[in-house]
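A.B. asks: Below is one structure. I have some questions about it.
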Amino acid sequence: MYNAISVQDLTKHYDNVIALNHISFEVEKGQIFGFLGPNGAGKSTTVRILTGLIKPDGGKAFVMGFDILKNPIEAKQHIGVVPEVSNAYVDLTAWENIILIGKLYGMPPQKLKENATNLLKEFGLYEVKDRLVKGFSKGMKQRLLLCMALVNDPELLFLDEPTSGLDVESARLLREKITQYNKDGKTIFISTHNMDEANQLCHRIAIINHGKIAAVDTPENLRAQSMELQYIEVAFNKNINLQEFSKNPSITKAVSKGNKVYIYTADPPTVIEFLVEYAKENNLRIFSLNTMMPSLEDVFIKLISSKEAIIQ
Amino acid sequence: MNTFTEQFKRSLVIAEKNIKIYYSKGPVILFGLVFPLFLALAFYIGRNIPLKETLPGLIGMTTFFTATAVGPSIVPWETRSKTLEMLLSRPVAIGTIIVGDMLSSFIFGLIISVIPLALTLFWGIQPLNFIILLLGLIIATLCFAALSVLLSAYPPTDIPATSMMLSSLVKFPLVFLSGVFIPVAQLPYWGKAIASISPLTYFTDMVWKLFINNGFYPLALDFLALIAFTVVFTFATIKLHEKTLAKRLS
């Protein structure tokens with residue numbers, strides 16, 4: 001039984017710049033896998049290698065069990081790709097674009113027409129199927145790209161920043177569809193900047209920085225690994241002096257923003273007891289008090305800002 | 001699954017797409033239709049020579065310009081619009097795309113080149129052997145189509161105008177060096193030597209022979225040379241595009 005994606009020691013240089021530095025990770029079948037990283041981290045290079053656009057300088061990559069270097073056609077036969085920037089033919093109609101893609105997968109004509117019709121109806125584009133794509137809005141183009149990526153009923157779907165620049169409604173529709181297709185058994189690889197999106201959708205996440213994988217785990221485990229990033233959000237009825245807090249050994253950091261104080265700690269119960277005692281001693285009232293787990297964004301920032309955090 | 005036949009079918013799909021998109025583009029109309037027409041008129045009008053003697057040049061020029069009109073611009077256009085990337089992420093090889101581009105150039109060249117050929121028949125001018133002329137036209141058009149896609153391989157630009165300009169730098173001198181205006185037999189020694197390295201020479205020589213019985217090379221050599229140029233151009237086009245692909249996509 002093979003994984004949907006298996007990346008082993010992948011390396012890529014552009015002139016003297018290392019884009020990928022011996023990265024390795026696996027994506028199991030049926031997973032939604034998030035690939036996070038800042039600009040220039042190596043996300044696009046990885047996706048381009050996995051979709052057969054460019055060749056690595058070293059290492060191996062298997063897509064649906066096929067070596068993408070030795071058997072690129074066979075590997076690509078099983079995938080669908082949605083790029084960040086629309087690359088449908090603007091001088092063709094939506095229908096012509098989908099049919100073109102289906103033919104490139106060698107689909108039987110009847111099955112192709114059936115799939116194209118169903119997808120266009122599902123994504124609300126059937127009524128405009130005979131219109132040239134040059135007249136489409138960004139949301140319509142993005143939905144068309146999804147139709148084009150799904151027409152061959154791929155087992156593995158690559159999505160590069162799928163909701164970037166979309167309006168709220170289109171982005172939500174797209175997320176719903178991604179979840180639905182995953183439930184139907186498709187493996188989905190999402191390259192994104194959007195932490196909330198990755199947190200909501202992904203079963204596992206890889207964080208890449210400076211061409212190296214900084215972490216690969218579930219969103220929950222990634223947050224759990226960074227418990228020092230937990231914090232307590234507290235609001236008092238008066239402004240307070242934060243210097244008092246710095247004396248407490250359980251408090252890592254305290255920051256005041258607006259009428260709230262954010263207290264970072266690895267031991268929330270002890271700090272809560274301290275806060276209640278502090279309020280009593282200083283005749284303060286606590287308006288609100290919340291214990292917050294670190295967000296994926298907190299973990300991401302911690303990992304990419306610390307070179308020592310690179311674990312692979 | 002993805003045998004040679006399967007990939008060739010996908011080349012035909014790409015050719016069909018090119019026909020829909022690129023045949024109506026301005027530069028293609030200009031270089032493929034308007035330009036050879038005006039060059040042909042300039043060549044014929046005011047010269048006191050029989051129509052029959054202008055035909056080899058006219059057919060050679062039309063075939064050459066129309067078959068090379070689409071090819072140089074497709075890859076740069078598709079690089080710029082990111083559609084090349086879209087095609088390459090599908091189960092097609094770069095060679096499949098290049099053959100598709102060649103085929104669309106070939107079909108465009110063949111359709112337009114049939115017009116002057118039909119006119120010769122309309123005017124009652126018969127070639128010595130029509131089937132050989134047609135075969136020669138097909139091979140020559142394929143050869144020029146391969147050359148046209150080769151001209152877009154380097155530099156790996158995404159600006160169609162740059163590619164068109166560079167291809168014109170190759171195309172125009174070839175027209176003057178290939179026996180289009182003066183038969184190869186009447187060229188000086190150095191002219192014959194230069195003409196022998198141009199594929200267009202062998203096609204115009206073939207047409208001179210078939211219309212006026214005034215060819216310089218044996219007919220078989222014309223055919224062999226055109227076939228050899230086609231094979232070399234096709235191979236070189238695929239290899240060069242493969243080599244420059246990473247730079248083109250970066």
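The chains in the structure tokens are called A, B, ... from first to last as shown; in each chain the residues are counted from 1, and the ligands are counted from 1 in the order shown.
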Could you give me, as number ranges by chain, the residues within 7 Å of stretch 135-149 of chain B, counting only C-alpha atoms and dropping anything in the same chain fewer than 4 positions from it?
C.D. replies: B: 63-64, 67-68, 71-72, 102, 105-106, 109-110, 131, 153, 203, 223, 226-227, 229-230, 233-234, 237
A.B. asks: Take the selection from the previous step and output its residues with C-alpha atoms, as a PDB file, in the first residue's frame.
C.D. replies:
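As written to disk, part.pdb reads:
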ATOM      1  CA  THR B  63       4.116  28.008 -48.081  1.00  0.00           C
ATOM      2  CA  PHE B  64       7.119  29.269 -46.143  1.00  0.00           C
ATOM      3  CA  ALA B  67       3.708  27.590 -42.232  1.00  0.00           C
ATOM      4  CA  THR B  68       6.012  29.737 -40.101  1.00  0.00           C
ATOM      5  CA  GLY B  71       4.733  28.584 -34.607  1.00  0.00           C
ATOM      6  CA  PRO B  72       7.113  31.212 -33.202  1.00  0.00           C
ATOM      7  CA  MET B 102       3.932  22.005 -35.112  1.00  0.00           C
ATOM      8  CA  SER B 105       1.378  25.467 -37.950  1.00  0.00           C
ATOM      9  CA  PHE B 106       1.370  22.680 -40.518  1.00  0.00           C
ATOM     10  CA  GLY B 109       0.360  26.487 -43.793  1.00  0.00           C
ATOM     11  CA  LEU B 110      -1.217  23.713 -45.817  1.00  0.00           C
ATOM     12  CA  ILE B 131       0.779  14.182 -56.905  1.00  0.00           C
ATOM     13  CA  ALA B 153      12.914  27.768 -28.378  1.00  0.00           C
ATOM     14  CA  PHE B 203      11.041  23.107 -52.072  1.00  0.00           C
ATOM     15  CA  PHE B 223      12.590  15.172 -51.179  1.00  0.00           C
ATOM     16  CA  LEU B 226      13.252  18.189 -46.986  1.00  0.00           C
ATOM     17  CA  ILE B 227      12.696  14.968 -45.009  1.00  0.00           C
ATOM     18  CA  PHE B 229      15.521  18.939 -42.446  1.00  0.00           C
ATOM     19  CA  THR B 230      12.098  17.987 -41.005  1.00  0.00           C
ATOM     20  CA  PHE B 233      14.188  20.460 -36.924  1.00  0.00           C
ATOM     21  CA  THR B 234      11.637  18.298 -35.069  1.00  0.00           C
ATOM     22  CA  THR B 237      12.818  21.685 -31.405  1.00  0.00           C
TER      23      THR B 237
END
A.B. asks: With a cut-off of 8 Å, could you pull out the residues of chain B touching chain A and give me the nearest pair of atoms for each, distance in Å to one decimal, using only C-alpha atoms, ordered by chain and ascending number, as CSV?
C.D. replies:
residue,atom,partner,partner_atom,distance
B:Asn2,CA,A:Ile73,CA,7.2
B:Glu6,CA,A:Gly106,CA,7.5
B:Arg10,CA,A:Leu104,CA,5.5
B:Val13,CA,A:Lys103,CA,6.8
B:Lys17,CA,A:Leu100,CA,7.5
B:Lys20,CA,A:Leu92,CA,7.8
B:Ile21,CA,A:Asp91,CA,6.2
B:Ser81,CA,A:Asn87,CA,6.5
B:Lys82,CA,A:Asn87,CA,5.4
B:Thr83,CA,A:Asn87,CA,5.1
B:Glu85,CA,A:Leu53,CA,7.0
B:Met86,CA,A:Asn87,CA,6.3
B:Leu88,CA,A:Leu53,CA,6.2
B:Ser89,CA,A:Thr51,CA,5.5
B:Arg90,CA,A:Lys76,CA,5.8
B:Pro91,CA,A:Ile73,CA,4.6
B:Val92,CA,A:Ile73,CA,6.2
B:Ala93,CA,A:Ile73,CA,7.1
B:Ala246,CA,A:Ile54,CA,6.2
A.B. asks: Go ahead and save the residues from that selection, with N, CA, C and O atoms, as a compact mmCIF listing (two decimals), in the first residue's frame.
C.D. replies:
# COMPACT_ATOMS: atom_id res chain seq x y z
N ASN B 2 -0.02 5.31 -21.83
CA ASN B 2 0.41 6.49 -22.57
C ASN B 2 1.48 6.14 -23.58
O ASN B 2 2.63 6.49 -23.45
N GLU B 6 -1.09 7.37 -27.95
CA GLU B 6 -1.90 8.13 -26.99
C GLU B 6 -1.39 9.57 -26.90
O GLU B 6 -2.16 10.52 -26.91
N ARG B 10 -3.04 13.31 -28.09
CA ARG B 10 -3.07 14.53 -27.26
C ARG B 10 -2.41 15.71 -27.99
O ARG B 10 -2.80 16.86 -27.79
N VAL B 13 -5.09 17.14 -29.99
CA VAL B 13 -5.98 17.96 -29.14
C VAL B 13 -5.37 19.36 -28.96
O VAL B 13 -6.07 20.37 -29.06
N LYS B 17 -6.79 23.03 -30.28
CA LYS B 17 -6.89 24.21 -29.39
C LYS B 17 -6.16 25.40 -30.01
O LYS B 17 -6.68 26.52 -30.02
N LYS B 20 -8.15 27.02 -32.76
CA LYS B 20 -9.26 27.85 -32.24
C LYS B 20 -8.74 29.19 -31.73
O LYS B 20 -9.40 30.22 -31.88
N ILE B 21 -7.59 29.18 -31.07
CA ILE B 21 -7.12 30.39 -30.39
C ILE B 21 -6.25 31.27 -31.28
O ILE B 21 -6.44 32.48 -31.35
N SER B 81 0.75 33.59 -20.46
CA SER B 81 -0.59 33.41 -19.88
C SER B 81 -0.63 32.24 -18.89
O SER B 81 -1.70 31.93 -18.36
N LYS B 82 0.51 31.60 -18.65
CA LYS B 82 0.64 30.47 -17.71
C LYS B 82 -0.09 29.23 -18.20
O LYS B 82 -0.23 28.26 -17.44
N THR B 83 -0.59 29.25 -19.41
CA THR B 83 -1.32 28.08 -19.91
C THR B 83 -0.34 26.94 -20.27
O THR B 83 -0.73 25.78 -20.26
N GLU B 85 2.13 26.12 -18.38
CA GLU B 85 2.24 25.45 -17.09
C GLU B 85 1.02 24.56 -16.86
O GLU B 85 1.14 23.45 -16.35
N MET B 86 -0.14 25.08 -17.25
CA MET B 86 -1.38 24.33 -17.08
C MET B 86 -1.33 23.03 -17.90
O MET B 86 -1.69 21.96 -17.43
N LEU B 88 1.37 21.48 -18.97
CA LEU B 88 2.44 20.58 -18.50
C LEU B 88 2.10 19.87 -17.19
O LEU B 88 2.71 18.86 -16.87
N SER B 89 1.13 20.40 -16.44
CA SER B 89 0.72 19.70 -15.22
C SER B 89 -0.30 18.61 -15.54
O SER B 89 -0.74 17.90 -14.65
N ARG B 90 -0.66 18.49 -16.80
CA ARG B 90 -1.52 17.39 -17.26
C ARG B 90 -0.65 16.28 -17.83
O ARG B 90 0.53 16.50 -18.10
N PRO B 91 -1.24 15.08 -18.07
CA PRO B 91 -0.39 13.97 -18.52
C PRO B 91 0.07 14.09 -19.98
O PRO B 91 -0.29 13.28 -20.85
N VAL B 92 0.81 15.14 -20.25
CA VAL B 92 1.41 15.33 -21.57
C VAL B 92 2.89 15.71 -21.41
O VAL B 92 3.23 16.43 -20.47
N ALA B 93 3.71 15.24 -22.32
CA ALA B 93 5.14 15.58 -22.28
C ALA B 93 5.34 16.89 -23.05
O ALA B 93 4.48 17.28 -23.84
N ALA B 246 12.87 24.79 -17.92
CA ALA B 246 13.00 25.22 -16.52
C ALA B 246 13.16 26.74 -16.46
O ALA B 246 12.54 27.41 -15.63
A.B. asks: I'd like the neighbourhood of A:Leu144 as a count of residues only, where a residue qualifies if any of its atoms comes within 9 Å (using only C-alpha atoms), though same-chain residues fewer than 6 positions away should be ignored.
C.D. replies: 9
A.B. asks: Run DSSP on the backbone and grab whatever in stretch 143-235 of chain A lands in strand (DSSP E or B); send it over as an MDAnalysis selection string.
C.D. replies: chainID A and resid 156:160 187:192 204:209 212:217 231:235
A.B. asks: Could you save the residues just selected, with N, CA and C atoms, as a PDB file, in the first residue's frame?
C.D. replies:
ATOM      1  N   LEU A 156      -5.896  12.446  -6.483  1.00  0.00           N
ATOM      2  CA  LEU A 156      -5.125  13.419  -5.708  1.00  0.00           C
ATOM      3  C   LEU A 156      -5.287  14.805  -6.337  1.00  0.00           C
ATOM      4  N   LEU A 157      -5.650  15.767  -5.476  1.00  0.00           N
ATOM      5  CA  LEU A 157      -5.903  17.127  -5.959  1.00  0.00           C
ATOM      6  C   LEU A 157      -4.897  18.090  -5.322  1.00  0.00           C
ATOM      7  N   PHE A 158      -4.175  18.831  -6.165  1.00  0.00           N
ATOM      8  CA  PHE A 158      -3.250  19.860  -5.675  1.00  0.00           C
ATOM      9  C   PHE A 158      -3.940  21.217  -5.763  1.00  0.00           C
ATOM     10  N   LEU A 159      -3.947  21.944  -4.654  1.00  0.00           N
ATOM     11  CA  LEU A 159      -4.569  23.277  -4.648  1.00  0.00           C
ATOM     12  C   LEU A 159      -3.541  24.282  -4.145  1.00  0.00           C
ATOM     13  N   ASP A 160      -3.227  25.263  -4.979  1.00  0.00           N
ATOM     14  CA  ASP A 160      -2.244  26.273  -4.603  1.00  0.00           C
ATOM     15  C   ASP A 160      -2.983  27.559  -4.245  1.00  0.00           C
ATOM     16  N   THR A 187      -7.555  12.523  -2.007  1.00  0.00           N
ATOM     17  CA  THR A 187      -6.478  13.101  -1.209  1.00  0.00           C
ATOM     18  C   THR A 187      -6.288  14.534  -1.692  1.00  0.00           C
ATOM     19  N   ILE A 188      -6.103  15.443  -0.744  1.00  0.00           N
ATOM     20  CA  ILE A 188      -5.979  16.853  -1.142  1.00  0.00           C
ATOM     21  C   ILE A 188      -4.723  17.466  -0.531  1.00  0.00           C
ATOM     22  N   PHE A 189      -3.935  18.101  -1.392  1.00  0.00           N
ATOM     23  CA  PHE A 189      -2.696  18.769  -0.980  1.00  0.00           C
ATOM     24  C   PHE A 189      -2.921  20.267  -1.171  1.00  0.00           C
ATOM     25  N   ILE A 190      -2.938  21.004  -0.053  1.00  0.00           N
ATOM     26  CA  ILE A 190      -3.201  22.455  -0.143  1.00  0.00           C
ATOM     27  C   ILE A 190      -1.958  23.231   0.257  1.00  0.00           C
ATOM     28  N   SER A 191      -1.508  24.077  -0.646  1.00  0.00           N
ATOM     29  CA  SER A 191      -0.446  25.008  -0.305  1.00  0.00           C
ATOM     30  C   SER A 191      -1.130  26.328   0.026  1.00  0.00           C
ATOM     31  N   THR A 192      -0.922  26.844   1.219  1.00  0.00           N
ATOM     32  CA  THR A 192      -1.666  28.049   1.615  1.00  0.00           C
ATOM     33  C   THR A 192      -0.895  28.921   2.601  1.00  0.00           C
ATOM     34  N   ARG A 204      -3.338  16.961   8.398  1.00  0.00           N
ATOM     35  CA  ARG A 204      -1.918  17.117   8.763  1.00  0.00           C
ATOM     36  C   ARG A 204      -1.360  18.349   8.068  1.00  0.00           C
ATOM     37  N   ILE A 205      -0.318  18.891   8.682  1.00  0.00           N
ATOM     38  CA  ILE A 205       0.269  20.131   8.154  1.00  0.00           C
ATOM     39  C   ILE A 205       1.789  20.008   8.146  1.00  0.00           C
ATOM     40  N   ALA A 206       2.393  20.490   7.084  1.00  0.00           N
ATOM     41  CA  ALA A 206       3.857  20.623   7.065  1.00  0.00           C
ATOM     42  C   ALA A 206       4.169  22.110   7.019  1.00  0.00           C
ATOM     43  N   ILE A 207       5.124  22.525   7.825  1.00  0.00           N
ATOM     44  CA  ILE A 207       5.557  23.932   7.782  1.00  0.00           C
ATOM     45  C   ILE A 207       6.956  23.957   7.184  1.00  0.00           C
ATOM     46  N   ILE A 208       7.095  24.718   6.117  1.00  0.00           N
ATOM     47  CA  ILE A 208       8.388  24.791   5.420  1.00  0.00           C
ATOM     48  C   ILE A 208       8.945  26.203   5.551  1.00  0.00           C
ATOM     49  N   ASN A 209      10.253  26.274   5.783  1.00  0.00           N
ATOM     50  CA  ASN A 209      10.898  27.580   5.905  1.00  0.00           C
ATOM     51  C   ASN A 209      12.341  27.464   5.425  1.00  0.00           C
ATOM     52  N   LYS A 212      13.502  24.139   4.188  1.00  0.00           N
ATOM     53  CA  LYS A 212      13.554  22.967   5.071  1.00  0.00           C
ATOM     54  C   LYS A 212      12.196  22.770   5.737  1.00  0.00           C
ATOM     55  N   ILE A 213      11.863  21.522   6.003  1.00  0.00           N
ATOM     56  CA  ILE A 213      10.621  21.255   6.722  1.00  0.00           C
ATOM     57  C   ILE A 213      10.871  21.523   8.209  1.00  0.00           C
ATOM     58  N   ALA A 214      10.114  22.470   8.761  1.00  0.00           N
ATOM     59  CA  ALA A 214      10.287  22.813  10.173  1.00  0.00           C
ATOM     60  C   ALA A 214       9.450  21.902  11.057  1.00  0.00           C
ATOM     61  N   ALA A 215       8.326  21.438  10.559  1.00  0.00           N
ATOM     62  CA  ALA A 215       7.483  20.534  11.351  1.00  0.00           C
ATOM     63  C   ALA A 215       6.460  19.867  10.438  1.00  0.00           C
ATOM     64  N   VAL A 216       6.099  18.626  10.781  1.00  0.00           N
ATOM     65  CA  VAL A 216       4.984  17.949  10.096  1.00  0.00           C
ATOM     66  C   VAL A 216       4.176  17.248  11.174  1.00  0.00           C
ATOM     67  N   ASP A 217       2.907  17.624  11.310  1.00  0.00           N
ATOM     68  CA  ASP A 217       2.063  16.977  12.312  1.00  0.00           C
ATOM     69  C   ASP A 217       0.609  17.411  12.113  1.00  0.00           C
ATOM     70  N   TYR A 231      -1.809  31.285  26.407  1.00  0.00           N
ATOM     71  CA  TYR A 231      -1.895  32.571  27.113  1.00  0.00           C
ATOM     72  C   TYR A 231      -3.261  32.748  27.762  1.00  0.00           C
ATOM     73  N   ILE A 232      -3.251  33.644  28.745  1.00  0.00           N
ATOM     74  CA  ILE A 232      -4.505  33.972  29.434  1.00  0.00           C
ATOM     75  C   ILE A 232      -4.852  35.399  29.048  1.00  0.00           C
ATOM     76  N   GLU A 233      -6.102  35.553  28.619  1.00  0.00           N
ATOM     77  CA  GLU A 233      -6.571  36.899  28.248  1.00  0.00           C
ATOM     78  C   GLU A 233      -7.435  37.388  29.404  1.00  0.00           C
ATOM     79  N   VAL A 234      -7.022  38.490  30.020  1.00  0.00           N
ATOM     80  CA  VAL A 234      -7.764  38.976  31.184  1.00  0.00           C
ATOM     81  C   VAL A 234      -8.053  40.477  31.052  1.00  0.00           C
ATOM     82  N   ALA A 235      -9.265  40.848  31.478  1.00  0.00           N
ATOM     83  CA  ALA A 235      -9.632  42.273  31.454  1.00  0.00           C
ATOM     84  C   ALA A 235     -10.005  42.704  32.869  1.00  0.00           C
TER      85      ALA A 235
END
A.B. asks: Do a neighbour search on stretch 169-180 of chain B at 7 Å with only C-alpha atoms, toss out local chain neighbours closer than 3 positions, and write the hits as a PDB file with all heavy atoms, in the first residue's frame.
C.D. replies:
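around25.pdb, written as the output of this step:
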ATOM      1  N   PRO B  56       6.730  29.279 -59.078  1.00  0.00           N
ATOM      2  CA  PRO B  56       7.577  28.607 -58.080  1.00  0.00           C
ATOM      3  C   PRO B  56       7.871  29.507 -56.884  1.00  0.00           C
ATOM      4  O   PRO B  56       7.762  29.084 -55.729  1.00  0.00           O
ATOM      5  CB  PRO B  56       8.859  28.287 -58.860  1.00  0.00           C
ATOM      6  CG  PRO B  56       8.410  28.194 -60.271  1.00  0.00           C
ATOM      7  CD  PRO B  56       7.331  29.217 -60.413  1.00  0.00           C
ATOM      8  N   GLY B  57       8.235  30.763 -57.182  1.00  0.00           N
ATOM      9  CA  GLY B  57       8.533  31.701 -56.096  1.00  0.00           C
ATOM     10  C   GLY B  57       7.310  31.970 -55.255  1.00  0.00           C
ATOM     11  O   GLY B  57       7.370  31.987 -54.021  1.00  0.00           O
ATOM     12  N   GLY B  60       6.434  28.854 -53.173  1.00  0.00           N
ATOM     13  CA  GLY B  60       7.463  28.674 -52.145  1.00  0.00           C
ATOM     14  C   GLY B  60       7.311  29.684 -51.024  1.00  0.00           C
ATOM     15  O   GLY B  60       7.339  29.337 -49.839  1.00  0.00           O
ATOM     16  N   MET B  61       7.115  30.953 -51.420  1.00  0.00           N
ATOM     17  CA  MET B  61       7.013  32.037 -50.448  1.00  0.00           C
ATOM     18  C   MET B  61       5.763  31.881 -49.571  1.00  0.00           C
ATOM     19  O   MET B  61       5.813  32.021 -48.354  1.00  0.00           O
ATOM     20  CB  MET B  61       6.932  33.351 -51.209  1.00  0.00           C
ATOM     21  CG  MET B  61       7.492  34.523 -50.487  1.00  0.00           C
ATOM     22  SD  MET B  61       7.838  35.832 -51.667  1.00  0.00           S
ATOM     23  CE  MET B  61       6.331  35.968 -52.594  1.00  0.00           C
ATOM     24  N   MET B 165       9.993  38.754 -33.921  1.00  0.00           N
ATOM     25  CA  MET B 165      11.051  39.577 -34.512  1.00  0.00           C
ATOM     26  C   MET B 165      12.279  38.707 -34.829  1.00  0.00           C
ATOM     27  O   MET B 165      12.836  38.796 -35.926  1.00  0.00           O
ATOM     28  CB  MET B 165      11.423  40.681 -33.536  1.00  0.00           C
ATOM     29  CG  MET B 165      12.341  41.739 -34.097  1.00  0.00           C
ATOM     30  SD  MET B 165      12.839  42.863 -32.815  1.00  0.00           S
ATOM     31  CE  MET B 165      13.912  41.850 -31.824  1.00  0.00           C
ATOM     32  N   LEU B 166      12.648  37.851 -33.864  1.00  0.00           N
ATOM     33  CA  LEU B 166      13.813  36.994 -34.082  1.00  0.00           C
ATOM     34  C   LEU B 166      13.564  36.008 -35.220  1.00  0.00           C
ATOM     35  O   LEU B 166      14.456  35.730 -36.024  1.00  0.00           O
ATOM     36  CB  LEU B 166      14.152  36.236 -32.796  1.00  0.00           C
ATOM     37  CG  LEU B 166      14.738  37.095 -31.675  1.00  0.00           C
ATOM     38  CD1 LEU B 166      14.845  36.302 -30.386  1.00  0.00           C
ATOM     39  CD2 LEU B 166      16.115  37.630 -32.065  1.00  0.00           C
ATOM     40  N   PRO B 183      16.082  31.148 -59.856  1.00  0.00           N
ATOM     41  CA  PRO B 183      16.296  29.708 -59.688  1.00  0.00           C
ATOM     42  C   PRO B 183      17.731  29.418 -59.233  1.00  0.00           C
ATOM     43  O   PRO B 183      18.659  30.142 -59.588  1.00  0.00           O
ATOM     44  CB  PRO B 183      16.052  29.120 -61.072  1.00  0.00           C
ATOM     45  CG  PRO B 183      15.403  30.177 -61.847  1.00  0.00           C
ATOM     46  CD  PRO B 183      15.697  31.498 -61.224  1.00  0.00           C
ATOM     47  N   VAL B 184      17.890  28.342 -58.448  1.00  0.00           N
ATOM     48  CA  VAL B 184      19.210  27.989 -57.898  1.00  0.00           C
ATOM     49  C   VAL B 184      20.234  27.829 -59.026  1.00  0.00           C
ATOM     50  O   VAL B 184      21.397  28.238 -58.900  1.00  0.00           O
ATOM     51  CB  VAL B 184      19.121  26.683 -57.069  1.00  0.00           C
ATOM     52  CG1 VAL B 184      20.482  26.302 -56.493  1.00  0.00           C
ATOM     53  CG2 VAL B 184      18.109  26.834 -55.944  1.00  0.00           C
ATOM     54  N   ILE B 194      25.363  28.716 -50.348  1.00  0.00           N
ATOM     55  CA  ILE B 194      24.523  29.222 -49.238  1.00  0.00           C
ATOM     56  C   ILE B 194      23.112  28.638 -49.354  1.00  0.00           C
ATOM     57  O   ILE B 194      22.512  28.202 -48.368  1.00  0.00           O
ATOM     58  CB  ILE B 194      24.484  30.772 -49.244  1.00  0.00           C
ATOM     59  CG1 ILE B 194      25.885  31.321 -48.924  1.00  0.00           C
ATOM     60  CG2 ILE B 194      23.468  31.298 -48.236  1.00  0.00           C
ATOM     61  CD1 ILE B 194      26.018  32.823 -49.056  1.00  0.00           C
ATOM     62  N   ALA B 195      22.591  28.608 -50.580  1.00  0.00           N
ATOM     63  CA  ALA B 195      21.219  28.111 -50.792  1.00  0.00           C
ATOM     64  C   ALA B 195      21.073  26.657 -50.347  1.00  0.00           C
ATOM     65  O   ALA B 195      20.000  26.242 -49.895  1.00  0.00           O
ATOM     66  CB  ALA B 195      20.841  28.254 -52.263  1.00  0.00           C
ATOM     67  N   SER B 198      19.584  25.906 -46.922  1.00  0.00           N
ATOM     68  CA  SER B 198      18.229  26.353 -46.593  1.00  0.00           C
ATOM     69  C   SER B 198      17.198  25.313 -47.036  1.00  0.00           C
ATOM     70  O   SER B 198      17.201  24.881 -48.196  1.00  0.00           O
ATOM     71  CB  SER B 198      17.947  27.687 -47.296  1.00  0.00           C
ATOM     72  OG  SER B 198      16.557  27.905 -47.352  1.00  0.00           O
ATOM     73  N   LEU B 200      14.139  25.830 -47.634  1.00  0.00           N
ATOM     74  CA  LEU B 200      13.242  26.428 -48.635  1.00  0.00           C
ATOM     75  C   LEU B 200      13.770  26.218 -50.054  1.00  0.00           C
ATOM     76  O   LEU B 200      13.001  26.086 -51.008  1.00  0.00           O
ATOM     77  CB  LEU B 200      13.070  27.930 -48.315  1.00  0.00           C
ATOM     78  CG  LEU B 200      12.170  28.745 -49.221  1.00  0.00           C
ATOM     79  CD1 LEU B 200      10.763  28.172 -49.302  1.00  0.00           C
ATOM     80  CD2 LEU B 200      12.100  30.197 -48.739  1.00  0.00           C
ATOM     81  N   THR B 201      15.114  26.163 -50.200  1.00  0.00           N
ATOM     82  CA  THR B 201      15.746  25.958 -51.507  1.00  0.00           C
ATOM     83  C   THR B 201      15.209  24.693 -52.184  1.00  0.00           C
ATOM     84  O   THR B 201      14.886  24.697 -53.368  1.00  0.00           O
ATOM     85  CB  THR B 201      17.280  25.804 -51.321  1.00  0.00           C
ATOM     86  OG1 THR B 201      17.766  26.984 -50.722  1.00  0.00           O
ATOM     87  CG2 THR B 201      17.976  25.565 -52.640  1.00  0.00           C
ATOM     88  N   THR B 204      11.502  25.136 -53.361  1.00  0.00           N
ATOM     89  CA  THR B 204      11.348  25.981 -54.556  1.00  0.00           C
ATOM     90  C   THR B 204      11.989  25.299 -55.775  1.00  0.00           C
ATOM     91  O   THR B 204      11.458  25.364 -56.883  1.00  0.00           O
ATOM     92  CB  THR B 204      11.969  27.383 -54.355  1.00  0.00           C
ATOM     93  OG1 THR B 204      13.245  27.242 -53.778  1.00  0.00           O
ATOM     94  CG2 THR B 204      11.111  28.258 -53.494  1.00  0.00           C
TER      95      THR B 204
END
A.B. asks: So that I can see what lies close to A:Thr117, please list as a list in words the residues with an atom at most 10 Å from it, counting only C-alpha atoms and leaving out residues fewer than 6 positions away in the same chain.
C.D. replies: Trp95, Ile98, Lys111, Leu125, Tyr126, Lys129, Cys147 and Val151 of chain A
A.B. asks: Got a sec: who's within 9 Å of A:Glu297, counting only C-alpha atoms, leaving out chain neighbours fewer than 6 positions off, as a tab-separated table (two decimals) with all heavy atoms, in the first residue's frame?
C.D. replies:
chain	number	residue	atom	x	y	z
A	194	ASN	N	-3.06	30.77	4.48
A	194	ASN	CA	-4.18	31.03	5.38
A	194	ASN	C	-4.23	30.00	6.52
A	194	ASN	O	-4.59	28.85	6.33
A	194	ASN	CB	-5.47	30.97	4.55
A	194	ASN	CG	-6.67	31.45	5.32
A	194	ASN	OD1	-6.75	31.25	6.53
A	194	ASN	ND2	-7.60	32.08	4.62
A	195	MET	N	-3.85	30.47	7.72
A	195	MET	CA	-3.75	29.57	8.88
A	195	MET	C	-5.10	29.02	9.28
A	195	MET	O	-5.24	27.84	9.61
A	195	MET	CB	-3.16	30.31	10.08
A	195	MET	CG	-1.80	30.87	9.85
A	195	MET	SD	-0.62	29.58	9.53
A	195	MET	CE	0.48	30.45	8.46
A	196	ASP	N	-6.13	29.89	9.26
A	196	ASP	CA	-7.47	29.45	9.66
A	196	ASP	C	-7.94	28.34	8.72
A	196	ASP	O	-8.52	27.35	9.15
A	196	ASP	CB	-8.47	30.62	9.59
A	196	ASP	CG	-8.34	31.51	10.81
A	196	ASP	OD1	-7.77	31.02	11.81
A	196	ASP	OD2	-8.78	32.65	10.75
A.B. asks: Need to verify the contact set: stretch 266-283 of chain A, 8 Å, only C-alpha atoms, exclusion of same-chain residues closer than 4 positions in sequence. Can you return it as a ChimeraX atom specification?
C.D. replies: /A:227-232,250-252,291
A.B. asks: In Å, with one decimal, what is the gap from atom CA of B:Ile29 to atom CA of B:Leu84?
C.D. replies: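 Computed distance, atom CA of B:Ile29 to atom CA of B:Leu84, equals 22.5 Å.
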